$ cat coords.cif   # mmCIF, C-alpha atoms
data_data
loop_
_atom_site.group_PDB
_atom_site.id
_atom_site.type_symbol
_atom_site.label_atom_id
_atom_site.label_comp_id
_atom_site.auth_asym_id
_atom_site.auth_seq_id
_atom_site.Cartn_x
_atom_site.Cartn_y
_atom_site.Cartn_z
ATOM 1 C CA MET B 1 -87.864 -54.723 36.085
ATOM 2 C CA LEU B 2 -85.010 -55.202 33.597
ATOM 3 C CA LEU B 3 -84.923 -58.359 31.492
ATOM 4 C CA THR B 4 -81.512 -59.823 30.857
ATOM 5 C CA PRO B 5 -80.950 -61.510 27.520
ATOM 6 C CA LYS B 6 -80.932 -65.282 27.525
ATOM 7 C CA SER B 7 -77.645 -67.070 27.315
ATOM 8 C CA ILE B 8 -77.257 -69.808 24.715
ATOM 9 C CA LYS B 9 -77.265 -72.282 27.597
ATOM 10 C CA ASP B 10 -80.817 -71.205 28.493
ATOM 11 C CA TYR B 11 -82.242 -72.492 25.174
ATOM 12 C CA SER B 12 -83.243 -76.087 24.552
ATOM 13 C CA TYR B 13 -81.796 -78.050 21.642
ATOM 14 C CA GLU B 14 -85.155 -77.904 19.795
ATOM 15 C CA GLU B 15 -85.367 -74.106 20.171
ATOM 16 C CA LEU B 16 -81.858 -73.692 18.763
ATOM 17 C CA LEU B 17 -82.606 -76.089 15.926
ATOM 18 C CA ASP B 18 -85.832 -74.242 15.037
ATOM 19 C CA ARG B 19 -83.945 -70.953 15.046
ATOM 20 C CA ALA B 20 -81.220 -72.329 12.766
ATOM 21 C CA LEU B 21 -83.766 -73.804 10.351
ATOM 22 C CA SER B 22 -85.662 -70.511 10.171
ATOM 23 C CA LYS B 23 -82.445 -68.785 9.006
ATOM 24 C CA LEU B 24 -81.953 -71.148 6.028
ATOM 25 C CA PRO B 25 -83.192 -70.028 2.586
ATOM 26 C CA LYS B 26 -86.615 -71.349 1.649
ATOM 27 C CA ARG B 27 -86.596 -74.439 -0.528
ATOM 28 C CA THR B 28 -87.981 -74.091 -4.011
ATOM 29 C CA SER B 29 -89.472 -77.266 -5.366
ATOM 30 C CA SER B 30 -90.796 -78.171 -8.785
ATOM 31 C CA GLY B 31 -92.784 -81.041 -7.358
ATOM 32 C CA GLY B 32 -90.943 -83.916 -8.999
ATOM 33 C CA PRO B 33 -87.490 -85.266 -9.704
ATOM 34 C CA PHE B 34 -85.333 -83.396 -12.191
ATOM 35 C CA GLU B 35 -85.058 -85.011 -15.604
ATOM 36 C CA ILE B 36 -82.147 -84.016 -17.790
ATOM 37 C CA PRO B 37 -83.551 -82.801 -21.122
ATOM 38 C CA ARG B 38 -82.851 -84.983 -24.155
ATOM 39 C CA ALA B 39 -81.411 -83.480 -27.328
ATOM 40 C CA ASP B 40 -83.283 -83.638 -30.633
ATOM 41 C CA VAL B 41 -80.304 -84.397 -32.897
ATOM 42 C CA ILE B 42 -80.229 -84.636 -36.680
ATOM 43 C CA ASN B 43 -77.247 -85.145 -38.953
ATOM 44 C CA VAL B 44 -77.219 -83.310 -42.283
ATOM 45 C CA GLY B 45 -74.179 -84.109 -44.379
ATOM 46 C CA THR B 46 -71.179 -83.453 -42.166
ATOM 47 C CA LYS B 47 -73.108 -81.265 -39.727
ATOM 48 C CA THR B 48 -74.862 -82.171 -36.501
ATOM 49 C CA ILE B 49 -77.836 -80.024 -35.536
ATOM 50 C CA ILE B 50 -79.348 -79.944 -32.042
ATOM 51 C CA ARG B 51 -82.801 -78.597 -32.885
ATOM 52 C CA ASN B 52 -84.038 -78.040 -29.313
ATOM 53 C CA PHE B 53 -80.833 -76.416 -28.029
ATOM 54 C CA ARG B 54 -82.530 -73.181 -26.891
ATOM 55 C CA GLN B 55 -85.171 -75.163 -24.944
ATOM 56 C CA ILE B 56 -82.426 -77.210 -23.245
ATOM 57 C CA CYS B 57 -80.609 -74.017 -22.188
ATOM 58 C CA ASP B 58 -83.870 -72.532 -20.877
ATOM 59 C CA CYS B 59 -84.687 -75.709 -18.934
ATOM 60 C CA LEU B 60 -81.211 -75.731 -17.348
ATOM 61 C CA ASN B 61 -81.304 -71.961 -16.719
ATOM 62 C CA ARG B 62 -77.955 -71.476 -18.459
ATOM 63 C CA GLU B 63 -76.875 -69.107 -21.225
ATOM 64 C CA GLU B 64 -76.758 -70.465 -24.785
ATOM 65 C CA LYS B 65 -73.307 -68.924 -25.233
ATOM 66 C CA LEU B 66 -71.888 -70.883 -22.276
ATOM 67 C CA MET B 67 -73.318 -74.216 -23.408
ATOM 68 C CA THR B 68 -72.190 -73.592 -26.987
ATOM 69 C CA LYS B 69 -68.657 -72.956 -25.740
ATOM 70 C CA TYR B 70 -68.812 -76.174 -23.704
ATOM 71 C CA PHE B 71 -69.894 -78.274 -26.723
ATOM 72 C CA VAL B 72 -67.362 -76.642 -29.053
ATOM 73 C CA LYS B 73 -64.474 -77.273 -26.645
ATOM 74 C CA GLU B 74 -65.507 -80.808 -25.681
ATOM 75 C CA LEU B 75 -66.033 -81.917 -29.287
ATOM 76 C CA ALA B 76 -63.153 -79.798 -30.692
ATOM 77 C CA VAL B 77 -65.264 -78.590 -33.623
ATOM 78 C CA PRO B 78 -66.646 -75.196 -34.669
ATOM 79 C CA GLY B 79 -70.278 -74.490 -33.901
ATOM 80 C CA SER B 80 -72.880 -71.737 -34.046
ATOM 81 C CA ILE B 81 -76.466 -71.030 -33.061
ATOM 82 C CA ASP B 82 -78.963 -70.202 -35.805
ATOM 83 C CA GLU B 83 -81.917 -67.809 -35.523
ATOM 84 C CA SER B 84 -84.295 -70.604 -34.474
ATOM 85 C CA GLY B 85 -82.098 -71.514 -31.487
ATOM 86 C CA ALA B 86 -80.614 -74.700 -32.939
ATOM 87 C CA LEU B 87 -76.933 -75.467 -32.382
ATOM 88 C CA MET B 88 -75.046 -76.451 -35.526
ATOM 89 C CA LEU B 89 -71.794 -78.353 -35.063
ATOM 90 C CA GLN B 90 -69.298 -79.283 -37.774
ATOM 91 C CA GLY B 91 -68.940 -83.073 -37.777
ATOM 92 C CA ARG B 92 -71.251 -86.037 -37.331
ATOM 93 C CA PHE B 93 -72.117 -86.938 -33.744
ATOM 94 C CA SER B 94 -74.716 -89.395 -32.528
ATOM 95 C CA SER B 95 -77.522 -88.375 -30.195
ATOM 96 C CA ALA B 96 -75.951 -90.635 -27.546
ATOM 97 C CA ILE B 97 -72.736 -88.578 -27.562
ATOM 98 C CA ILE B 98 -74.637 -85.263 -27.440
ATOM 99 C CA ASN B 99 -76.890 -86.455 -24.593
ATOM 100 C CA LYS B 100 -73.845 -87.721 -22.652
ATOM 101 C CA LEU B 101 -72.264 -84.262 -22.972
ATOM 102 C CA ILE B 102 -75.475 -82.642 -21.714
ATOM 103 C CA GLU B 103 -75.453 -84.996 -18.699
ATOM 104 C CA ARG B 104 -71.818 -84.080 -17.925
ATOM 105 C CA PHE B 105 -72.613 -80.372 -18.266
ATOM 106 C CA VAL B 106 -75.578 -80.716 -15.886
ATOM 107 C CA LYS B 107 -73.544 -82.607 -13.278
ATOM 108 C CA THR B 108 -70.729 -80.043 -13.422
ATOM 109 C CA TYR B 109 -72.443 -76.694 -14.030
ATOM 110 C CA VAL B 110 -76.074 -77.097 -12.924
ATOM 111 C CA LEU B 111 -76.591 -79.507 -10.012
ATOM 112 C CA CYS B 112 -75.511 -78.457 -6.520
ATOM 113 C CA PRO B 113 -72.731 -80.791 -5.322
ATOM 114 C CA THR B 114 -73.922 -80.363 -1.719
ATOM 115 C CA CYS B 115 -77.654 -81.082 -1.907
ATOM 116 C CA GLY B 116 -78.213 -82.118 -5.550
ATOM 117 C CA SER B 117 -80.688 -79.320 -6.283
ATOM 118 C CA ARG B 118 -81.040 -78.003 -9.831
ATOM 119 C CA PHE B 119 -81.979 -74.553 -8.550
ATOM 120 C CA THR B 120 -78.578 -72.924 -8.901
ATOM 121 C CA GLU B 121 -77.050 -69.760 -10.308
ATOM 122 C CA LEU B 122 -73.777 -69.705 -12.202
ATOM 123 C CA LYS B 123 -71.701 -66.514 -12.074
ATOM 124 C CA ARG B 124 -68.343 -65.891 -13.667
ATOM 125 C CA GLU B 125 -65.736 -64.211 -11.474
ATOM 126 C CA GLY B 126 -62.558 -63.740 -13.468
ATOM 127 C CA LYS B 127 -61.222 -67.137 -14.465
ATOM 128 C CA VAL B 128 -63.562 -69.158 -12.257
ATOM 129 C CA PHE B 129 -67.277 -69.807 -11.969
ATOM 130 C CA LYS B 130 -69.219 -69.684 -8.712
ATOM 131 C CA LEU B 131 -72.144 -72.082 -8.491
ATOM 132 C CA LYS B 132 -74.581 -70.811 -5.859
ATOM 133 C CA CYS B 133 -77.378 -73.107 -4.728
ATOM 134 C CA LEU B 134 -80.695 -71.372 -4.136
ATOM 135 C CA ALA B 135 -81.984 -74.326 -2.093
ATOM 136 C CA CYS B 136 -79.230 -74.843 0.497
ATOM 137 C CA GLY B 137 -77.133 -71.685 0.056
ATOM 138 C CA ALA B 138 -73.890 -73.549 -0.703
ATOM 139 C CA GLU B 139 -71.317 -71.909 -2.967
ATOM 140 C CA THR B 140 -68.896 -73.949 -5.042
ATOM 141 C CA THR B 141 -65.976 -72.691 -7.116
ATOM 142 C CA LEU B 142 -65.661 -74.305 -10.546
ATOM 143 C CA LYS B 143 -63.078 -74.051 -13.308
ATOM 144 C CA ALA B 144 -64.237 -71.611 -16.006
ATOM 145 C CA TYR B 145 -64.929 -73.023 -19.434
#

$ encode --input "coords.cif" --output "structure tokens"
Amino acid sequence: MLLTPKSIKDYSYEELLDRALSKLPKRTSSGGPFEIPRADVINVGTKTIIRNFRQICDCLNREEKLMTKYFVKELAVPGSIDESGALMLQGRFSSAIINKLIERFVKTYVLCPTCGSRFTELKREGKVFKLKCLACGAETTLKAY
């Protein structure tokens, strides 16, 4: 006896929903809400040093070079990373300004605009960035920095 494949009309709504959900990528969860890391800022003369810059980049899963470029362009000052992973910026900036820039960076280049997940990958494709969410699978095109 030959079995004919089921038509989509032969499935119930619940069966179709279960099938669709099984095709989605598995959610990765850290267990709690995401907290944006706070910068440890000190001012020495006319320089501002973000001492925990490398840890912030690691927490956000972003390259130090990209975040350095973001800070340098937003603040319009030269900057560099020292061997300990601290970011040194020319000019005096308060910790409030630095933390506000980190928040803006996270909202633009880290969090998924579709589901709000922090589990994203950022890839450069020519003059644009693609933000791919590992939780919901959404892809968003962003302006390159």

$ closest_residue --input "coords.cif" --among "B:Ile8, B:Leu16, B:Leu60, B:Ala135" --to "Cys112 of chain B" --atoms "only C-alpha atoms"
B:Ala135

$ residues_around --input "coords.cif" --residues "Tyr70 of chain B" --least-positions-apart "4" --cutoff "10 Å" --atoms "only C-alpha atoms" --output "ChimeraX atom specification"
/B:64-66,74-76,101-102,105,145

$ write_last_selection --input "coords.cif" --atoms "C-alpha atoms" --output "PDB file, keeping the file's coordinate frame"
ATOM      1  CA  GLU B  64     -76.758 -70.465 -24.785  1.00  0.00           C
ATOM      2  CA  LYS B  65     -73.307 -68.924 -25.233  1.00  0.00           C
ATOM      3  CA  LEU B  66     -71.888 -70.883 -22.276  1.00  0.00           C
ATOM      4  CA  GLU B  74     -65.507 -80.808 -25.681  1.00  0.00           C
ATOM      5  CA  LEU B  75     -66.033 -81.917 -29.287  1.00  0.00           C
ATOM      6  CA  ALA B  76     -63.153 -79.798 -30.692  1.00  0.00           C
ATOM      7  CA  LEU B 101     -72.264 -84.262 -22.972  1.00  0.00           C
ATOM      8  CA  ILE B 102     -75.475 -82.642 -21.714  1.00  0.00           C
ATOM      9  CA  PHE B 105     -72.613 -80.372 -18.266  1.00  0.00           C
ATOM     10  CA  TYR B 145     -64.929 -73.023 -19.434  1.00  0.00           C
TER      11      TYR B 145
END

$ closest_residue --input "coords.cif" --among "B:Met67, B:Leu87, B:Cys59, B:Ala138" --to "Asp40 of chain B" --atoms "all atoms listed in the file"
B:Leu87

$ residues_around --input "coords.cif" --residues "Leu111 of chain B" --least-positions-apart "6" --cutoff "9 Å" --atoms "only C-alpha atoms" --output "PyMOL selection string"
chain B and resi 117-120+131+133

$ write_last_selection --input "coords.cif" --atoms "C-alpha atoms" --output "mmCIF file, in the frame of the given file"
data_model
loop_
_atom_site.group_PDB
_atom_site.id
_atom_site.type_symbol
_atom_site.label_atom_id
_atom_site.label_comp_id
_atom_site.auth_asym_id
_atom_site.auth_seq_id
_atom_site.Cartn_x
_atom_site.Cartn_y
_atom_site.Cartn_z
ATOM 1 C CA SER B 117 -80.688 -79.320 -6.283
ATOM 2 C CA ARG B 118 -81.040 -78.003 -9.831
ATOM 3 C CA PHE B 119 -81.979 -74.553 -8.550
ATOM 4 C CA THR B 120 -78.578 -72.924 -8.901
ATOM 5 C CA LEU B 131 -72.144 -72.082 -8.491
ATOM 6 C CA CYS B 133 -77.378 -73.107 -4.728
#

$ atom_distance --input "coords.cif" --atom1 "atom CA of Lys132 of chain B" --atom2 "atom CA of Val110 of chain B"
9.6 Å

$ atom_distance --input "coords.cif" --atom1 "atom CA of Arg92 of chain B" --atom2 "atom CA of Pro37 of chain B"
20.6 Å

$ resolve_selection --input "coords.cif" --expression "the PyMOL selection byres ((chain B and resi 86) around 7)" --output "VMD selection string"
chain B and resid 49 to 54 81 to 82 84 to 85 87 to 88

$ atom_distance --input "coords.cif" --atom1 "atom CA of Arg124 of chain B" --atom2 "atom CA of Glu35 of chain B"
25.5 Å

$ axis_aligned_box --input "coords.cif" --around "segment 78-94 of chain B" --padding-each-side "5 Å" --output "JSON"
{"center_x": -75.5, "center_y": -78.6, "center_z": -34.6, "size_x": 27.6, "size_y": 31.6, "size_z": 16.3}

$ closest_residue --input "coords.cif" --among "B:Thr140, B:Thr48, B:Ser7, B:Thr114" --to "Gly79 of chain B" --atoms "all atoms listed in the file"
B:Thr48

$ closest_residue --input "coords.cif" --among "B:Val44, B:Leu122, B:Ile98, B:Leu142" --to "Ile56 of chain B" --atoms "all atoms listed in the file"
B:Ile98

$ residues_around --input "coords.cif" --residues "Pro78 of chain B" --least-positions-apart "5" --cutoff "7 Å" --atoms "all atoms listed in the file" --output "ChimeraX atom specification"
/B:72,89-90

$ closest_residue --input "coords.cif" --among "B:Leu17, B:Val77, B:Cys57, B:Ile97" --to "Val41 of chain B" --atoms "only C-alpha atoms"
B:Ile97

$ decode --input "coords.cif" --residues "segment 13-120 of chain B" --atoms "C-alpha atoms" --output "short mmCIF file (atom, residue, chain, number, x, y, z; two decimals), in the first residue's frame"
data_model
loop_
_atom_site.label_atom_id
_atom_site.label_comp_id
_atom_site.auth_asym_id
_atom_site.auth_seq_id
_atom_site.Cartn_x
_atom_site.Cartn_y
_atom_site.Cartn_z
CA TYR B 13 -2.64 24.37 13.73
CA GLU B 14 -0.73 23.00 16.75
CA GLU B 15 1.21 20.52 14.58
CA LEU B 16 2.23 23.29 12.18
CA LEU B 17 3.19 25.56 15.06
CA ASP B 18 5.31 22.84 16.69
CA ARG B 19 7.04 22.21 13.37
CA ALA B 20 7.79 25.91 12.88
CA LEU B 21 9.13 26.27 16.42
CA SER B 22 11.39 23.25 15.98
CA LYS B 23 13.01 24.96 12.96
CA LEU B 24 13.97 28.10 14.94
CA PRO B 25 17.53 28.36 16.34
CA LYS B 26 17.86 27.32 19.96
CA ARG B 27 17.80 30.16 22.45
CA THR B 28 20.95 30.78 24.42
CA SER B 29 20.34 32.27 27.82
CA SER B 30 22.69 33.61 30.45
CA GLY B 31 20.07 33.22 33.13
CA GLY B 32 19.52 36.88 33.96
CA PRO B 33 18.94 40.26 32.40
CA PHE B 34 21.82 41.85 30.52
CA GLU B 35 23.59 44.64 32.36
CA ILE B 36 25.63 47.08 30.33
CA PRO B 37 29.17 47.12 31.76
CA ARG B 38 30.26 50.32 33.49
CA ALA B 39 33.55 51.99 32.58
CA ASP B 40 36.31 52.49 35.15
CA VAL B 41 37.38 56.00 34.11
CA ILE B 42 40.27 58.06 35.42
CA ASN B 43 41.50 61.44 34.24
CA VAL B 44 45.25 62.07 34.24
CA GLY B 45 46.16 65.56 33.12
CA THR B 46 44.45 66.06 29.78
CA LYS B 47 43.97 62.35 29.15
CA THR B 48 41.02 60.11 29.93
CA ILE B 49 41.80 56.45 30.59
CA ILE B 50 39.20 53.68 30.53
CA ARG B 51 41.02 51.06 32.60
CA ASN B 52 38.59 48.16 32.03
CA PHE B 53 38.18 48.71 28.28
CA ARG B 54 39.33 45.20 27.30
CA GLN B 55 36.88 43.62 29.78
CA ILE B 56 34.03 45.74 28.37
CA CYS B 57 34.86 44.60 24.81
CA ASP B 58 35.01 40.97 25.96
CA CYS B 59 31.67 41.27 27.77
CA LEU B 60 30.03 42.78 24.68
CA ASN B 61 31.74 40.27 22.35
CA ARG B 62 33.07 43.06 20.14
CA GLU B 63 36.57 43.80 18.86
CA GLU B 64 38.63 46.41 20.73
CA LYS B 65 39.54 48.03 17.40
CA LEU B 66 35.87 48.61 16.52
CA MET B 67 34.98 50.12 19.89
CA THR B 68 38.11 52.28 19.85
CA LYS B 69 37.11 53.63 16.44
CA TYR B 70 33.61 54.34 17.76
CA PHE B 71 34.92 56.32 20.77
CA VAL B 72 37.49 58.21 18.70
CA LYS B 73 34.89 59.28 16.12
CA GLU B 74 32.15 60.12 18.63
CA LEU B 75 34.46 62.19 20.84
CA ALA B 76 36.53 63.58 17.92
CA VAL B 77 39.81 62.96 19.75
CA PRO B 78 42.78 60.65 19.16
CA GLY B 79 42.95 57.48 21.21
CA SER B 80 44.94 54.28 21.60
CA ILE B 81 44.93 51.03 23.54
CA ASP B 82 47.88 50.28 25.82
CA GLU B 83 49.36 46.84 26.54
CA SER B 84 47.12 46.34 29.59
CA GLY B 85 43.96 46.82 27.51
CA ALA B 86 43.11 50.32 28.72
CA LEU B 87 41.84 52.90 26.24
CA MET B 88 43.60 56.26 26.43
CA LEU B 89 41.78 59.25 24.96
CA GLN B 90 43.16 62.76 24.52
CA GLY B 91 40.91 65.15 26.45
CA ARG B 92 39.06 65.08 29.75
CA PHE B 93 35.73 63.25 29.75
CA SER B 94 33.58 62.33 32.72
CA SER B 95 32.59 58.74 33.46
CA ALA B 96 28.98 59.75 32.73
CA ILE B 97 29.86 60.70 29.15
CA ILE B 98 31.90 57.51 28.60
CA ASN B 99 29.14 55.29 30.04
CA LYS B 100 26.53 57.05 27.87
CA LEU B 101 28.64 56.29 24.79
CA ILE B 102 28.91 52.64 25.83
CA GLU B 103 25.10 52.49 26.20
CA ARG B 104 24.64 53.98 22.70
CA PHE B 105 27.17 51.52 21.26
CA VAL B 106 25.36 48.59 22.89
CA LYS B 107 21.94 49.70 21.62
CA THR B 108 23.27 50.17 18.08
CA TYR B 109 25.89 47.45 17.61
CA VAL B 110 25.14 44.74 20.19
CA LEU B 111 21.44 44.32 21.03
CA CYS B 112 19.13 42.71 18.47
CA PRO B 113 16.52 45.26 17.36
CA THR B 114 13.99 42.45 16.82
CA CYS B 115 14.11 40.50 20.09
CA GLY B 116 16.49 42.52 22.29
CA SER B 117 18.97 39.67 22.76
CA ARG B 118 22.63 40.45 23.41
CA PHE B 119 23.72 37.25 21.69
CA THR B 120 24.60 38.73 18.32
#
